[in-house]
file query-v8.txt (compact mmCIF, C-alpha atoms and all ligand atoms)
# COMPACT_ATOMS: atom_id res chain seq x y z
CA MET G 1 -63.98 -99.68 136.42
CA SER G 2 -63.72 -97.06 133.73
CA ASN G 3 -66.17 -94.59 135.14
CA ALA G 4 -66.85 -92.60 138.31
CA CYS G 5 -70.45 -93.78 138.63
CA HIS G 6 -69.89 -96.88 140.80
CA THR G 7 -73.30 -97.45 142.35
CA ILE G 8 -76.73 -96.89 140.94
CA TRP G 9 -77.51 -94.32 143.64
CA ASP G 10 -74.82 -91.83 142.70
CA CYS G 11 -75.67 -91.91 139.02
CA PRO G 12 -77.60 -88.80 137.87
CA ILE G 13 -79.55 -90.66 135.16
CA TYR G 14 -80.70 -93.24 137.70
CA ARG G 15 -81.75 -90.53 140.11
CA SER G 16 -83.79 -88.73 137.48
CA VAL G 17 -85.54 -91.92 136.28
CA GLN G 18 -86.26 -92.75 139.92
CA ALA G 19 -87.57 -89.22 140.64
CA ARG G 20 -89.97 -89.46 137.71
CA PHE G 21 -91.16 -92.85 138.95
CA LEU G 22 -91.73 -91.45 142.46
CA GLU G 23 -93.73 -88.56 141.06
CA ALA G 24 -96.00 -90.87 139.05
CA SER G 25 -96.39 -93.18 142.08
CA LYS G 26 -97.46 -90.27 144.25
CA ARG G 27 -100.08 -89.18 141.75
CA ILE G 28 -101.72 -92.58 141.70
CA GLY G 29 -101.27 -93.28 145.42
CA LEU G 30 -99.20 -96.40 144.78
CA ASP G 31 -98.83 -98.94 147.62
CA PRO G 32 -95.65 -97.86 149.53
CA ASN G 33 -94.35 -101.43 149.62
CA VAL G 34 -94.60 -101.60 145.86
CA VAL G 35 -92.89 -98.21 145.53
CA ASN G 36 -89.99 -99.41 147.67
CA ARG G 37 -89.59 -102.60 145.70
CA LEU G 38 -89.71 -100.94 142.29
CA GLN G 39 -87.11 -98.32 143.18
CA MET G 40 -84.49 -101.04 143.05
CA PRO G 41 -83.73 -103.51 140.29
CA ASP G 42 -84.34 -107.21 141.01
CA ARG G 43 -80.77 -108.12 140.07
CA SER G 44 -77.58 -106.39 138.86
CA VAL G 45 -74.80 -108.52 137.43
CA ILE G 46 -71.33 -106.98 136.99
CA ILE G 47 -68.80 -108.92 134.98
CA THR G 48 -65.17 -108.32 134.13
CA ILE G 49 -64.43 -109.59 130.65
CA PRO G 50 -60.88 -110.47 129.56
CA VAL G 51 -60.38 -110.02 125.82
CA ARG G 52 -57.35 -111.01 123.80
CA MET G 53 -56.64 -108.11 121.43
CA ASP G 54 -55.21 -108.77 117.96
CA SER G 55 -51.82 -107.61 119.32
CA GLY G 56 -51.80 -110.49 121.82
CA GLU G 57 -52.37 -108.21 124.82
CA VAL G 58 -55.26 -109.12 127.14
CA ARG G 59 -57.49 -106.21 128.18
CA ILE G 60 -60.23 -106.26 130.78
CA TYR G 61 -63.62 -104.66 130.15
CA THR G 62 -66.57 -104.25 132.52
CA GLY G 63 -69.98 -105.53 131.46
CA TYR G 64 -73.40 -105.33 133.09
CA ARG G 65 -76.83 -106.86 132.95
CA VAL G 66 -79.42 -105.24 135.18
CA GLN G 67 -82.82 -106.93 135.51
CA HIS G 68 -85.32 -104.48 136.93
CA ASN G 69 -88.64 -106.33 137.11
CA ASP G 70 -90.20 -109.45 135.56
CA VAL G 71 -93.66 -109.53 137.07
CA LEU G 72 -95.30 -109.40 133.61
CA GLY G 73 -92.96 -111.79 131.80
CA PRO G 74 -89.29 -112.42 130.97
CA PHE G 75 -86.87 -109.52 131.37
CA LYS G 76 -86.33 -107.69 128.07
CA GLY G 77 -84.00 -104.94 126.92
CA GLY G 78 -81.02 -103.94 124.86
CA MET G 79 -77.26 -104.31 125.18
CA ARG G 80 -75.30 -101.07 124.87
CA TYR G 81 -71.60 -100.82 123.91
CA HIS G 82 -70.45 -97.31 124.76
CA PRO G 83 -67.55 -95.83 126.77
CA GLU G 84 -69.96 -94.20 129.25
CA VAL G 85 -71.91 -97.34 130.19
CA THR G 86 -72.12 -97.69 133.99
CA VAL G 87 -74.15 -99.80 136.38
CA GLY G 88 -76.26 -96.73 137.22
CA GLU G 89 -77.07 -95.85 133.62
CA THR G 90 -77.84 -99.51 132.91
CA ALA G 91 -80.18 -99.70 135.93
CA ALA G 92 -81.96 -96.51 134.87
CA LEU G 93 -82.50 -97.83 131.36
CA ALA G 94 -83.65 -101.19 132.77
CA MET G 95 -86.32 -99.42 134.82
CA LEU G 96 -87.45 -97.52 131.72
CA MET G 97 -87.79 -100.85 129.89
CA THR G 98 -90.15 -102.13 132.61
CA TRP G 99 -92.46 -99.14 132.14
CA LYS G 100 -92.11 -99.27 128.33
CA SER G 101 -93.16 -102.91 127.98
CA ALA G 102 -96.01 -102.49 130.49
CA LEU G 103 -97.23 -99.28 128.87
CA VAL G 104 -97.64 -100.83 125.43
CA GLY G 105 -99.11 -104.04 126.86
CA LEU G 106 -96.33 -106.56 126.23
CA PRO G 107 -96.00 -109.64 128.47
CA LEU G 108 -92.37 -108.72 129.20
CA GLY G 109 -90.33 -107.18 131.99
CA GLY G 110 -87.49 -104.67 131.94
CA ALA G 111 -83.72 -105.13 131.71
CA LYS G 112 -80.69 -103.50 130.14
CA GLY G 113 -77.07 -104.44 129.71
CA GLY G 114 -73.88 -103.29 128.18
CA ILE G 115 -70.13 -103.03 128.18
CA ALA G 116 -68.11 -99.89 128.90
CA CYS G 117 -66.07 -99.78 125.70
CA ASP G 118 -65.73 -97.98 122.38
CA PRO G 119 -67.05 -100.52 119.85
CA HIS G 120 -65.51 -98.60 116.92
CA ALA G 121 -62.02 -99.05 118.35
CA PHE G 122 -62.16 -102.88 118.01
CA SER G 123 -61.40 -105.04 115.00
CA ARG G 124 -64.23 -107.36 114.00
CA SER G 125 -62.54 -110.33 115.67
CA GLU G 126 -61.89 -108.40 118.90
CA LEU G 127 -65.55 -107.36 119.01
CA GLN G 128 -66.58 -110.95 118.44
CA ARG G 129 -64.35 -112.28 121.26
CA LEU G 130 -65.63 -109.57 123.63
CA THR G 131 -69.25 -110.39 122.80
CA ARG G 132 -68.82 -114.15 123.06
CA ARG G 133 -67.06 -114.02 126.44
CA PHE G 134 -69.68 -111.58 127.78
CA THR G 135 -72.51 -113.83 126.59
CA SER G 136 -70.92 -116.93 128.01
CA GLU G 137 -70.63 -115.24 131.43
CA LEU G 138 -74.37 -114.48 131.19
CA VAL G 139 -75.48 -117.95 130.14
CA ASN G 140 -77.33 -118.60 133.38
CA VAL G 141 -78.78 -115.11 133.53
CA ILE G 142 -80.36 -114.82 130.04
CA GLY G 143 -82.61 -117.19 128.04
CA PRO G 144 -85.85 -117.16 126.07
CA GLU G 145 -87.95 -117.70 129.22
CA ARG G 146 -85.69 -115.62 131.44
CA ASP G 147 -84.15 -112.52 129.87
CA ILE G 148 -83.94 -111.63 126.17
CA PRO G 149 -81.28 -109.08 125.06
CA ALA G 150 -81.59 -106.92 121.93
CA PRO G 151 -79.53 -104.27 120.13
CA ASP G 152 -79.07 -100.80 121.58
CA MET G 153 -76.49 -98.05 121.09
CA GLY G 154 -73.24 -99.51 119.68
CA THR G 155 -74.60 -103.01 119.01
CA ASP G 156 -76.26 -104.43 115.90
CA GLU G 157 -77.57 -107.57 114.20
CA GLN G 158 -74.08 -109.08 114.01
CA VAL G 159 -73.51 -108.69 117.76
CA MET G 160 -76.90 -110.35 118.36
CA ALA G 161 -75.92 -113.19 116.00
CA TRP G 162 -72.74 -113.85 118.06
CA MET G 163 -74.76 -113.77 121.28
CA MET G 164 -77.32 -116.20 119.86
CA ASP G 165 -74.56 -118.51 118.61
CA THR G 166 -72.58 -118.46 121.88
CA TYR G 167 -75.68 -119.23 123.95
CA SER G 168 -76.74 -121.96 121.50
CA GLN G 169 -73.26 -123.57 121.52
CA GLN G 170 -73.41 -123.80 125.30
CA LYS G 171 -76.89 -125.35 125.25
CA GLY G 172 -76.04 -127.74 122.42
CA TYR G 173 -78.86 -126.71 120.08
CA ALA G 174 -80.07 -123.56 118.28
CA VAL G 175 -81.94 -121.17 120.58
CA PRO G 176 -83.07 -118.29 118.36
CA GLY G 177 -85.43 -116.88 121.02
CA VAL G 178 -82.56 -115.91 123.36
CA VAL G 179 -82.04 -112.54 121.64
CA THR G 180 -84.02 -110.30 119.29
CA GLY G 181 -82.73 -108.02 116.56
CA LYS G 182 -80.89 -110.94 114.91
CA PRO G 183 -80.28 -111.32 111.18
CA LEU G 184 -83.32 -112.72 109.33
CA VAL G 185 -81.53 -115.91 108.30
CA ILE G 186 -81.15 -117.14 111.92
CA GLY G 187 -84.66 -116.30 113.14
CA GLY G 188 -84.74 -112.51 113.04
CA SER G 189 -87.90 -110.65 112.12
CA HIS G 190 -88.87 -108.59 109.13
CA GLY G 191 -89.16 -104.96 110.16
CA ARG G 192 -87.11 -105.17 113.38
CA ARG G 193 -84.38 -102.94 111.99
CA GLU G 194 -86.89 -100.27 110.92
CA ALA G 195 -89.20 -100.72 113.93
CA THR G 196 -88.02 -98.05 116.37
CA GLY G 197 -87.81 -95.23 113.81
CA ARG G 198 -91.08 -96.25 112.20
CA GLY G 199 -92.83 -96.36 115.57
CA VAL G 200 -91.55 -92.85 116.37
CA VAL G 201 -93.21 -91.58 113.18
CA TYR G 202 -96.49 -93.42 113.88
CA ALA G 203 -96.53 -91.63 117.26
CA ILE G 204 -95.77 -88.27 115.58
CA VAL G 205 -98.68 -88.81 113.19
CA LYS G 206 -100.97 -89.34 116.20
CA ALA G 207 -99.64 -86.22 117.95
CA LEU G 208 -100.25 -84.16 114.79
CA GLU G 209 -103.80 -85.53 114.72
CA THR G 210 -104.46 -84.10 118.20
CA MET G 211 -103.66 -80.68 116.63
CA ASP G 212 -105.93 -81.40 113.63
CA LEU G 213 -102.88 -81.76 111.39
CA THR G 214 -101.79 -84.49 109.01
CA ILE G 215 -98.28 -85.30 107.86
CA GLY G 216 -97.47 -83.69 104.49
CA PRO G 217 -94.90 -81.60 102.61
CA ASP G 218 -95.40 -78.73 105.06
CA THR G 219 -94.58 -80.90 108.08
CA THR G 220 -90.97 -80.07 108.93
CA VAL G 221 -88.92 -82.53 110.96
CA ALA G 222 -85.43 -82.13 112.51
CA ILE G 223 -83.60 -85.28 113.57
CA GLN G 224 -80.62 -85.37 115.94
CA GLY G 225 -78.66 -88.58 115.43
CA PHE G 226 -78.49 -90.81 112.35
CA GLY G 227 -78.03 -94.24 113.88
CA ASN G 228 -80.63 -96.96 113.47
CA VAL G 229 -83.38 -94.82 115.02
CA GLY G 230 -82.69 -91.46 113.37
CA ALA G 231 -82.11 -92.93 109.90
CA ASN G 232 -85.38 -94.86 110.02
CA VAL G 233 -87.28 -91.82 111.28
CA ALA G 234 -85.97 -89.96 108.21
CA ALA G 235 -86.96 -92.83 105.90
CA THR G 236 -90.49 -93.07 107.31
CA VAL G 237 -91.03 -89.29 107.27
CA GLU G 238 -89.99 -89.27 103.60
CA GLU G 239 -92.23 -92.27 102.85
CA LEU G 240 -95.26 -90.58 104.43
CA GLY G 241 -94.66 -87.36 102.52
CA GLY G 242 -93.21 -85.17 105.33
CA ARG G 243 -90.11 -82.95 105.01
CA VAL G 244 -86.84 -83.62 106.88
CA VAL G 245 -85.23 -80.18 107.26
CA ALA G 246 -82.31 -81.03 109.53
CA ALA G 247 -80.22 -84.08 110.39
CA SER G 248 -77.00 -84.68 112.28
CA THR G 249 -74.48 -87.27 113.35
CA SER G 250 -72.02 -86.92 116.24
CA GLN G 251 -69.73 -85.09 113.79
CA GLY G 252 -72.23 -82.35 112.92
CA GLY G 253 -75.33 -81.68 110.87
CA VAL G 254 -77.12 -79.78 108.16
CA TYR G 255 -80.22 -77.58 108.09
CA SER G 256 -82.07 -76.84 104.88
CA PRO G 257 -85.63 -75.44 105.07
CA ALA G 258 -86.28 -76.71 101.52
CA GLY G 259 -85.78 -80.30 102.74
CA LEU G 260 -83.04 -82.93 102.72
CA LYS G 261 -82.95 -86.08 100.58
CA LEU G 262 -82.63 -89.36 102.44
CA SER G 263 -80.56 -90.92 99.64
CA GLU G 264 -78.02 -88.06 99.92
CA LEU G 265 -77.88 -88.28 103.72
CA GLU G 266 -77.35 -92.02 103.49
CA ARG G 267 -74.58 -91.55 100.97
CA CYS G 268 -72.79 -89.03 103.23
CA TYR G 269 -73.18 -91.40 106.17
CA ARG G 270 -71.91 -94.43 104.26
CA GLU G 271 -68.88 -92.53 103.02
CA GLY G 272 -68.09 -91.46 106.58
CA ARG G 273 -68.52 -87.78 105.66
CA SER G 274 -70.07 -85.26 108.03
CA PHE G 275 -73.55 -83.96 107.10
CA GLU G 276 -71.89 -80.54 107.10
CA ASP G 277 -70.62 -81.57 103.64
CA TYR G 278 -74.15 -82.31 102.36
CA GLY G 279 -73.77 -79.65 99.71
CA GLU G 280 -76.90 -77.57 100.36
CA GLY G 281 -78.31 -75.71 103.35
CA ASP G 282 -76.37 -74.55 106.41
CA ALA G 283 -73.93 -76.53 108.49
CA VAL G 284 -75.15 -76.84 112.10
CA SER G 285 -73.59 -78.44 115.15
CA ASN G 286 -75.41 -81.20 116.97
CA GLU G 287 -76.49 -78.67 119.62
CA GLU G 288 -77.62 -76.07 117.07
CA LEU G 289 -79.77 -78.66 115.33
CA LEU G 290 -82.05 -78.79 118.39
CA GLU G 291 -82.85 -75.11 117.97
CA VAL G 292 -83.74 -74.91 114.27
CA PRO G 293 -87.32 -73.88 113.38
CA CYS G 294 -89.42 -77.02 112.70
CA ASP G 295 -92.74 -78.65 113.59
CA VAL G 296 -91.26 -81.82 115.02
CA LEU G 297 -87.91 -82.39 116.72
CA VAL G 298 -86.65 -85.95 117.15
CA PRO G 299 -83.70 -86.29 119.54
CA ALA G 300 -82.39 -89.72 118.54
CA ALA G 301 -78.82 -89.57 119.84
CA VAL G 302 -77.64 -89.69 123.45
CA ALA G 303 -79.30 -88.92 126.82
CA GLY G 304 -79.63 -85.46 128.33
CA THR G 305 -79.35 -83.34 125.17
CA ILE G 306 -82.41 -81.16 125.98
CA HIS G 307 -81.78 -79.43 129.29
CA LYS G 308 -82.28 -76.21 131.19
CA GLY G 309 -79.58 -74.52 129.13
CA ASN G 310 -81.36 -74.91 125.77
CA ALA G 311 -85.03 -75.92 126.35
CA ASP G 312 -86.27 -72.34 126.12
CA ARG G 313 -84.65 -71.93 122.69
CA ILE G 314 -86.25 -75.02 121.12
CA GLN G 315 -88.67 -73.91 118.43
CA CYS G 316 -90.76 -76.97 117.56
CA ARG G 317 -94.36 -77.86 118.47
CA ILE G 318 -93.69 -81.55 119.07
CA VAL G 319 -90.67 -83.34 120.57
CA ALA G 320 -90.65 -87.10 119.88
CA GLU G 321 -87.99 -88.82 121.97
CA GLY G 322 -86.31 -91.39 119.74
CA ALA G 323 -83.43 -91.85 122.20
CA ASN G 324 -83.83 -93.02 125.79
CA GLY G 325 -83.75 -90.11 128.27
CA PRO G 326 -82.85 -87.23 125.91
CA THR G 327 -84.67 -84.64 128.06
CA THR G 328 -83.63 -83.81 131.63
CA ILE G 329 -86.21 -83.09 134.34
CA GLU G 330 -85.57 -79.31 134.07
CA GLY G 331 -85.76 -79.54 130.27
CA ASP G 332 -89.12 -81.29 130.62
CA ARG G 333 -90.49 -78.59 132.87
CA ILE G 334 -89.47 -75.78 130.52
CA LEU G 335 -90.93 -77.49 127.43
CA ASN G 336 -94.13 -78.27 129.31
CA ASP G 337 -94.51 -74.64 130.49
CA ARG G 338 -94.00 -73.50 126.90
CA GLY G 339 -96.78 -75.81 125.65
CA VAL G 340 -94.52 -78.05 123.56
CA VAL G 341 -96.07 -81.52 123.20
CA LEU G 342 -93.48 -84.10 124.24
CA ILE G 343 -93.97 -87.73 123.26
CA PRO G 344 -91.89 -89.48 125.94
CA ASP G 345 -89.24 -92.10 125.14
CA ILE G 346 -91.14 -95.03 126.66
CA LEU G 347 -93.95 -94.37 124.18
CA ALA G 348 -92.18 -92.78 121.20
CA ASN G 349 -89.39 -95.37 120.85
CA SER G 350 -91.39 -98.42 121.95
CA GLY G 351 -91.56 -99.69 118.35
CA GLY G 352 -88.23 -101.44 118.88
CA VAL G 353 -89.35 -103.60 121.75
CA ILE G 354 -92.78 -104.13 120.16
CA VAL G 355 -91.21 -105.75 117.09
CA SER G 356 -88.71 -107.53 119.36
CA TYR G 357 -91.76 -109.07 120.99
CA PHE G 358 -93.01 -110.16 117.55
CA GLU G 359 -89.57 -111.64 116.80
CA TRP G 360 -89.57 -113.58 120.08
CA ILE G 361 -93.09 -114.96 119.42
CA GLN G 362 -92.09 -115.99 115.89
CA ASP G 363 -89.00 -117.80 117.23
CA LEU G 364 -91.00 -119.62 119.90
CA GLN G 365 -93.63 -120.69 117.37
CA ASN G 366 -91.24 -121.30 114.46
CA PHE G 367 -93.74 -119.47 112.31
CA PHE G 368 -92.75 -116.26 110.56
CA TRP G 369 -94.82 -113.25 109.51
CA ASP G 370 -94.37 -110.96 106.54
CA MET G 371 -93.41 -107.29 106.68
CA ASP G 372 -96.94 -105.95 106.10
CA GLU G 373 -98.27 -107.95 109.02
CA ILE G 374 -95.47 -106.68 111.28
CA PHE G 375 -95.98 -103.00 110.41
CA MET G 376 -99.76 -103.29 110.71
CA GLN G 377 -99.53 -104.83 114.19
CA LEU G 378 -96.83 -102.31 115.22
CA LYS G 379 -99.05 -99.43 114.16
CA ARG G 380 -102.05 -100.90 115.96
CA ILE G 381 -100.17 -101.30 119.25
CA ILE G 382 -98.37 -97.95 119.27
CA THR G 383 -101.48 -96.05 118.15
CA ARG G 384 -103.55 -97.61 120.91
CA ALA G 385 -100.85 -96.79 123.50
CA PHE G 386 -100.70 -93.19 122.26
CA ASP G 387 -104.49 -92.81 122.55
CA GLU G 388 -104.47 -94.19 126.09
CA VAL G 389 -101.58 -91.99 127.23
CA TYR G 390 -103.18 -88.93 125.63
CA ARG G 391 -106.48 -89.69 127.39
CA VAL G 392 -104.75 -90.05 130.79
CA SER G 393 -102.82 -86.80 130.21
CA GLN G 394 -106.08 -84.94 129.47
CA GLU G 395 -108.04 -86.52 132.31
CA GLU G 396 -105.37 -86.09 134.98
CA LYS G 397 -104.03 -82.81 133.55
CA VAL G 398 -100.47 -84.07 133.46
CA SER G 399 -97.77 -84.15 130.78
CA MET G 400 -97.61 -87.06 128.33
CA ARG G 401 -94.48 -88.21 130.20
CA THR G 402 -96.27 -88.47 133.53
CA ALA G 403 -99.33 -90.02 131.86
CA ALA G 404 -97.18 -92.69 130.20
CA LEU G 405 -95.46 -93.48 133.48
CA ILE G 406 -98.77 -93.63 135.33
CA LYS G 407 -100.04 -96.18 132.85
CA GLY G 408 -96.91 -98.33 132.89
CA VAL G 409 -96.39 -98.17 136.66
CA ARG G 410 -100.05 -98.93 137.37
CA LYS G 411 -99.97 -102.07 135.25
CA VAL G 412 -96.79 -103.38 136.91
CA SER G 413 -98.11 -102.61 140.37
CA GLU G 414 -101.46 -104.34 139.71
CA ALA G 415 -99.60 -107.45 138.56
CA MET G 416 -97.36 -107.37 141.66
CA LEU G 417 -100.32 -107.08 144.00
CA ALA G 418 -102.18 -109.85 142.16
CA ARG G 419 -99.20 -112.22 142.35
CA GLY G 420 -98.39 -111.34 145.97
CA LEU G 421 -95.07 -111.54 147.80
CA TYR G 422 -93.05 -114.76 147.89
CA PRO G 423 -92.69 -116.46 150.40
N1 LIG U 1 -82.84 -101.16 123.02
C1 LIG U 1 -84.19 -100.92 122.60
C2 LIG U 1 -84.93 -100.04 123.59
O1 LIG U 1 -84.32 -99.29 124.34
C3 LIG U 1 -84.92 -102.21 122.26
C4 LIG U 1 -85.09 -103.17 123.38
C5 LIG U 1 -85.62 -104.53 122.93
O2 LIG U 1 -85.97 -104.67 121.78
O3 LIG U 1 -85.64 -105.42 123.76
O4 LIG U 1 -86.13 -99.99 123.62
call {"tool": "encode", "arguments": {"input": "query-v8.txt", "output": "structure tokens", "more": "lines below"}}
Ligand code: GLU
result
Amino acid sequence: MSNACHTIWDCPIYRSVQARFLEASKRIGLDPNVVNRLQMPDRSVIITIPVRMDSGEVRIYTGYRVQHNDVLGPFKGGMRYHPEVTVGETAALAMLMTWKSALVGLPLGGAKGGIACDPHAFSRSELQRLTRRFTSELVNVIGPERDIPAPDMGTDEQVMAWMMDTYSQQKGYAVPGVVTGKPLVIGGSHGRREATGRGVVYAIVKALETMDLTIGPDTTVAIQGFGNVGANVAATVEELGGRVVAASTSQGGVYSPAGLKLSELERCYREGRSFEDYGEGDAVSNEELLEVPCDVLVPAAVAGTIHKGNADRIQCRIVAEGANGPTTIEGDRILNDRGVVLIPDILANSGGVIVSYFEWIQDLQNFFWDMDEIFMQLKRIITRAFDEVYRVSQEEKVSMRTAALIKGVRKVSEAMLARGLYP
């Protein structure tokens, strides 16, 4: 294995996700048997994947699929290709998916998967062989009624297309519902690509409303990360009339109080240039971006970027977590003490799995919706979830993070108690 984190228990991300779950469970007096069960995933599959490189050499990669809980419906969650993927990180993210789906009211469970690898280091054909062998090893683990993968960090529509095709070849017929986030032409959904970033902005609009504010040219937004989530946050902020003042990629970023143009950012990104070469404003590092003055900060890159070392220097009023797990437990505490409103990942970035749910329904029904319908339903679901989480946070006097967990965990636990223990 490529990483030191061999079991879920010695992985820091798993321990922090588990600690947050235990805290929410304590607050709602959750049945101890349920607590014990939910601390562990239902199933963790570890696969070694031999891949023939273009040079003829065969290299072995490690892949995972962790299924946390499926009491509400089939397991659901992304596939991550990143050098730091471990079984512990995958299990932590699988648990978050369980709470995320339950929180927003989807009839789905929680899972996550991935391969420890650098996807940018492969040729297209190497990436395809890796993906196809991985999928074929998982053929009895995934399926439209069982477990439905989706894109995550380092994977995209093309990877989903290869997964769908590999699974379908093994079954002998087309099974579009086995993955979501596919290209439109093979059963993908309008709006899936934009969904996560758009959902983040819908949640921001609701958070501004609680402060009697509306989004407009004076609303300043800083975005860390310009992958699928960050780029679509920028696009939606621009569409709704807000002002993106800072943006970054892993190579660096730019800060310009007068505002940045999406078309220029996209051009820089496409040309593989760092945002530091944007041409206006000040160059900032990825870390410095988090500390620029703004109304809304969107961490949409990797986990753990807001921590005890920088949380007291963050200057925004609202943090909307586009990434999964960008704030550590200490970071959370500091932001909370300072009165910063934090929209937690399982709420803020739930737009992705919400539109994945729409894609899955469309595939099962062979009936496809248009973009307006998708965005309207997305807005309805995320807005309702925001209102409910906000209400719980006010009533129970807890942070939005704890309120969101309380809501998700309660729903899962009620379903477990209703179904009972087999045998
Ligand atoms: N990977 C995304 C997430 O973390 C989407 C999951 C899905 O669509 O199933 O929420």
call {"tool": "residues_near_ligand", "arguments": {"input": "query-v8.txt", "ligand": "ligand LIG 1 (chain U)", "cutoff": "6 Å", "atoms": "only C-alpha atoms and all ligand atoms", "output": "ChimeraX atom specification"}}
result
/G:76-78,149-152,350,352-353,356
call {"tool": "write_last_selection", "arguments": {"input": "query-v8.txt", "atoms": "C-alpha atoms", "output": "compact mmCIF listing (two decimals), in the coordinates of the input"}}
result
# COMPACT_ATOMS: atom_id res chain seq x y z
CA LYS G 76 -86.33 -107.69 128.07
CA GLY G 77 -84.00 -104.94 126.92
CA GLY G 78 -81.02 -103.94 124.86
CA PRO G 149 -81.28 -109.08 125.06
CA ALA G 150 -81.59 -106.92 121.93
CA PRO G 151 -79.53 -104.27 120.13
CA ASP G 152 -79.07 -100.80 121.58
CA SER G 350 -91.39 -98.42 121.95
CA GLY G 352 -88.23 -101.44 118.88
CA VAL G 353 -89.35 -103.60 121.75
CA SER G 356 -88.71 -107.53 119.36
call {"tool": "closest_atom_pairs", "arguments": {"input": "query-v8.txt", "of": "segment 302-382 of chain G", "to": "segment 267-287 of chain G", "cutoff": "10 Å", "atoms": "all atoms listed in the file", "output": "JSON lines"}}
result
{"residue": "G:Thr305", "atom": "CA", "partner": "G:Glu287", "partner_atom": "CA", "distance": 7.8}
{"residue": "G:Ile306", "atom": "CA", "partner": "G:Glu287", "partner_atom": "CA", "distance": 9.0}
{"residue": "G:Asn310", "atom": "CA", "partner": "G:Glu287", "partner_atom": "CA", "distance": 8.7}
call {"tool": "atom_distance", "arguments": {"input": "query-v8.txt", "atom1": "atom CA of Leu347 of chain G", "atom2": "atom CA of Leu22 of chain G"}}
result
18.6 Å
call {"tool": "atom_distance", "arguments": {"input": "query-v8.txt", "atom1": "atom CA of Gly230 of chain G", "atom2": "atom CA of Asp295 of chain G"}}
result
16.3 Å
call {"tool": "closest_residue", "arguments": {"input": "query-v8.txt", "among": "G:Ala222, G:Ile204, G:Ala161, G:Leu130", "to": "Pro183 of chain G", "atoms": "only C-alpha atoms"}}
result
G:Ala161
call {"tool": "residues_around", "arguments": {"input": "query-v8.txt", "residues": "Val244 of chain G", "least_positions_apart": "4", "cutoff": "7 Å", "atoms": "all atoms listed in the file", "output": "ChimeraX atom specification"}}
result
/G:220-222,234,259-260
call {"tool": "closest_residue", "arguments": {"input": "query-v8.txt", "among": "G:Tyr390, G:Tyr202, G:Trp162, G:Tyr81", "to": "Tyr61 of chain G", "atoms": "only C-alpha atoms"}}
result
G:Tyr81
call {"tool": "residues_around", "arguments": {"input": "query-v8.txt", "residues": "Met153 of chain G", "least_positions_apart": "4", "cutoff": "9 Å", "atoms": "all atoms listed in the file", "output": "ChimeraX atom specification"}}
result
/G:78-82,227-228,301-302
call {"tool": "residues_around", "arguments": {"input": "query-v8.txt", "residues": "Pro217 of chain G", "least_positions_apart": "5", "cutoff": "6 Å", "atoms": "all atoms listed in the file", "output": "ChimeraX atom specification"}}
result
/G:241-243
call {"tool": "residues_around", "arguments": {"input": "query-v8.txt", "residues": "Ala323 of chain G", "least_positions_apart": "6", "cutoff": "8 Å", "atoms": "only C-alpha atoms", "output": "PDB file with C-alpha atoms, keeping the file's coordinate frame"}}
result
ATOM      1  CA  VAL G 229     -83.380 -94.820 115.020  1.00  0.00           C
ATOM      2  CA  PRO G 299     -83.700 -86.290 119.540  1.00  0.00           C
ATOM      3  CA  ALA G 300     -82.390 -89.720 118.540  1.00  0.00           C
ATOM      4  CA  ALA G 301     -78.820 -89.570 119.840  1.00  0.00           C
ATOM      5  CA  VAL G 302     -77.640 -89.690 123.450  1.00  0.00           C
ATOM      6  CA  ALA G 303     -79.300 -88.920 126.820  1.00  0.00           C
ATOM      7  CA  ASP G 345     -89.240 -92.100 125.140  1.00  0.00           C
ATOM      8  CA  ASN G 349     -89.390 -95.370 120.850  1.00  0.00           C
TER       9      ASN G 349
END
call {"tool": "atom_distance", "arguments": {"input": "query-v8.txt", "atom1": "atom CA of Ala235 of chain G", "atom2": "atom CA of Glu264 of chain G"}}
result
11.8 Å
call {"tool": "residues_around", "arguments": {"input": "query-v8.txt", "residues": "Arg59 of chain G", "least_positions_apart": "2", "cutoff": "10 Å", "atoms": "all atoms listed in the file", "output": "ChimeraX atom specification"}}
result
/G:48-53,56-57,61,130
call {"tool": "residues_near_point", "arguments": {"input": "query-v8.txt", "point": "(-87.4, -72.0, 126.0)", "cutoff": "8 Å", "atoms": "all atoms listed in the file", "output": "ChimeraX atom specification"}}
result
/G:310-315,334-335,338
call {"tool": "write_last_selection", "arguments": {"input": "query-v8.txt", "atoms": "C-alpha atoms", "output": "mmCIF file, keeping the file's coordinate frame"}}
result
data_model
loop_
_atom_site.group_PDB
_atom_site.id
_atom_site.type_symbol
_atom_site.label_atom_id
_atom_site.label_comp_id
_atom_site.auth_asym_id
_atom_site.auth_seq_id
_atom_site.Cartn_x
_atom_site.Cartn_y
_atom_site.Cartn_z
ATOM 1 C CA ASN G 310 -81.360 -74.910 125.770
ATOM 2 C CA ALA G 311 -85.030 -75.920 126.350
ATOM 3 C CA ASP G 312 -86.270 -72.340 126.120
ATOM 4 C CA ARG G 313 -84.650 -71.930 122.690
ATOM 5 C CA ILE G 314 -86.250 -75.020 121.120
ATOM 6 C CA GLN G 315 -88.670 -73.910 118.430
ATOM 7 C CA ILE G 334 -89.470 -75.780 130.520
ATOM 8 C CA LEU G 335 -90.930 -77.490 127.430
ATOM 9 C CA ARG G 338 -94.000 -73.500 126.900
#
call {"tool": "closest_residue", "arguments": {"input": "query-v8.txt", "among": "G:Thr180, G:Ser399, G:Ser263, G:Thr210", "to": "Leu342 of chain G", "atoms": "all atoms listed in the file"}}
result
G:Ser399
call {"tool": "residues_near_point", "arguments": {"input": "query-v8.txt", "point": "(-89.1, -105.6, 112.3)", "cutoff": "12 Å", "atoms": "all atoms listed in the file", "output": "VMD selection string"}}
result
chain G and resid 157 180 to 184 187 to 199 232 351 to 360 362 368 to 379
